[in-house]
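*Asks:* I have a structure I would like to understand better, so I am pasting it below and will then ask my questions one at a time.
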Amino acid sequence: MKFSLPANVSERPIVVVGAGTLGRRIAAVFAAGGSDVRIADLQEAQRDAALAYIDEALPELSERLTKQGKGATAGKVTATEQVADALPGAWLVVEAVPERLDIKRPLFGQLDELADDDALLATNSSSYASRLVIDEVKNPERVFNMHFAMPPASMAVELMSDGQTTEGLLDDVAEELRRFGLEPFIAHAESTGFIFNRIWAAIKRESLAVVEEGVSTPEDVDAIMKANMGLAAGPFALMDQVGLDVVLDIEEHYAAETPTLPQGPRDLLHRYVDAGKLGRKSGEGFYSYDE
């Protein structure tokens with residue numbers, strides 16, 4: 001079956017499944033661009049935190065779009081516990097749940113069964129190709145990767161086919177995403193880590209190795225990267241922002257695919273994660289953060 005961008009996307013909501021760090025940011029971007037957004041998450045605390053974040057972020061995002069000549073009245077954002085309650089009428093569903101295939105695969109089977117017949121289904125996975133989440137999907141032609149960096153700080157988003165995605169669909173989706181102030185990039189072949197994360201993984205892994213081997217400290221690695229490359233933040237500060245548990249999950253996935261990768265970086269991450277030091281979201285990671 002062939003899928004295309006629905007003709008009435010401006011009148012239909014977008015669903016974000018998962019209200020965590022990226023899920024709430026994705027929802028804020030789409031709402032600022034004028035789309036009604038429905039967030040689905042089983043945890044009430046996550047839903048409440050997401051709504052609070054979006055309420056705070058919308059003015060800045062809306063102002064940015066206005067300056068770009070893309071201003072729109074912000075859409076309505078709601079949150080619900082059950083995915084099934086959020087899906088009716090949506091033209092796009094973005095999955096932003098933890099990086100575990102045992103969660104993503106049955107979820108996409110559910111989305112494929114319950115979403116509108118013309119709805120598009122995207123995974124925000126930062127390390128898994130969408131080909132790996134479609135085991136229970138009957139319409140893989142409408143599934144693809146839509147990986148967001150970290151909006152609103154970075155509005156880059158990478159698109160990648162699951163190998164069966166309708167030809168030309170990603171180009172149309174990319175054009176629609178620009179309306180929300182996003183900068184889409186299409187990976188033209190399957191790539192673990194897509195474009196940026198494939199490059200970033202090497203930088204991140206070597207930074208971890210330098211610290212694990214006792215060569216330097218997180219603070220000095222970040223400082224020298226900022227000094228030499230003009231970065232706003234170094235790799236350790238960025239890992240804290242993403243969440244060290246998420247970083248570890250991604251590194252474990254890379255290692256499973258490429259067993260020759262060094263163990264040291266993952267050992268260092270394990271020490272922090274096992275101690276409950278997950279980064280900004282727990283108040284401490286490689287750095288300490290005020291509440």
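Just remember, in the structure tokens the first chain shown is A, the second B, etc., residues are 1-based per chain, and ligands are 1-based in the order shown.
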Write out as a compact mmCIF listing (two decimals) with C-alpha atoms, in the first residue's frame the residues lying within 6 Å of stretch 241-254 of chain A, counting only C-alpha atoms and excluding same-chain residues fewer than 6 positions away.
*Replies:*
```txt
# COMPACT_ATOMS: atom_id res chain seq x y z
CA VAL A 273 23.89 4.82 36.24
CA LEU A 278 21.56 9.91 35.53
CA GLY A 279 22.36 13.53 34.69
CA ARG A 280 20.14 16.59 34.88
```
*Asks:* From a DSSP pass on the backbone, collect the residues of stretch 88-164 of chain A flagged as strand (DSSP E) and hand them back as a ChimeraX atom specification.
*Replies:* /A:92-95,120-123,143-150,154-161
*Asks:* Would you pick out the contacts of stretch 98-115 of chain A at 7 Å or less, using only C-alpha atoms, so that residues sharing its chain but fewer than 6 positions from it are not included, and give the list as a list in words?
*Replies:*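 My list of contacting residues is Ala84, Leu87, Pro88, Ser125, Val133, Ile134, Asp135, Glu136, Val137, Lys138, Asn139 and Asp249 of chain A.
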*Asks:* Do you have the atom CA of A:Ala79-atom CA of A:Ile26 distance handy?
*Replies:*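 Going from atom CA of A:Ala79 over to atom CA of A:Ile26, I get 13.6 Å.
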*Asks:* Which residue gives the smallest distance to A:Ser154 among A:Ala227, A:Arg142, A:Gly234, A:Gly181, with only C-alpha atoms counted?
*Replies:* A:Gly181
*Asks:* Name the closest residue to A:Thr165 among the candidates A:Asp274, A:Glu141, A:Asp220, A:Asp41; distances are taken between atoms, counting only C-alpha atoms.
*Replies:* A:Glu141
*Asks:* If we count only C-alpha atoms and set the cut-off at 7 Å, which residues sit around A:Phe236, ignoring sequence neighbours fewer than 5 positions away in its own chain? Please answer as an NGL selection string.
*Replies:* :A and (218 or 222 or 286)
*Asks:* Which polymer residues have any atom within 12 Å of an atom of A:Glu11, counting only C-alpha atoms, with same-chain residues fewer than 4 positions away left out, as a list in words?
*Replies:* Pro6, Ala7, Gly34, Ser35, Asp36, Val37, Gly75, Gly89, Ala90, Trp91 and Leu92 of chain A
*Asks:* Nearest to A:Ser62: which of A:Pro262, A:Gly33, A:Pro13, A:Pro152 is it, counting only C-alpha atoms?
*Replies:*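 For A:Ser62, the nearest of the given residues is A:Gly33.
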*Asks:* Counting only C-alpha atoms, which residue out of A:Gln68, A:Ser10, A:Thr260, A:Ser4 sits closest to A:Asp171?
*Replies:*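 Of the candidates, the smallest distance to A:Asp171 is held by A:Ser4.
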*Asks:* Going by DSSP on the backbone, which residues of stretch 41-205 of chain A come out as helix (DSSP H, G or I)? List them as a count of residues only.
*Replies:* 69
*Asks:* Restricting the calculation to only C-alpha atoms, which member of A:Thr217, A:Ser130, A:Gln46, A:Asn124 is positioned closest to A:Leu268?
*Replies:* A:Thr217
*Asks:* For each of A:Val210, A:Val157, A:Met146, A:Leu238, take the minimum atom-to-atom distance to A:Val93, counting only C-alpha atoms, then give the residue where this is smallest.
*Replies:*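 Nearest to A:Val93: A:Met146.
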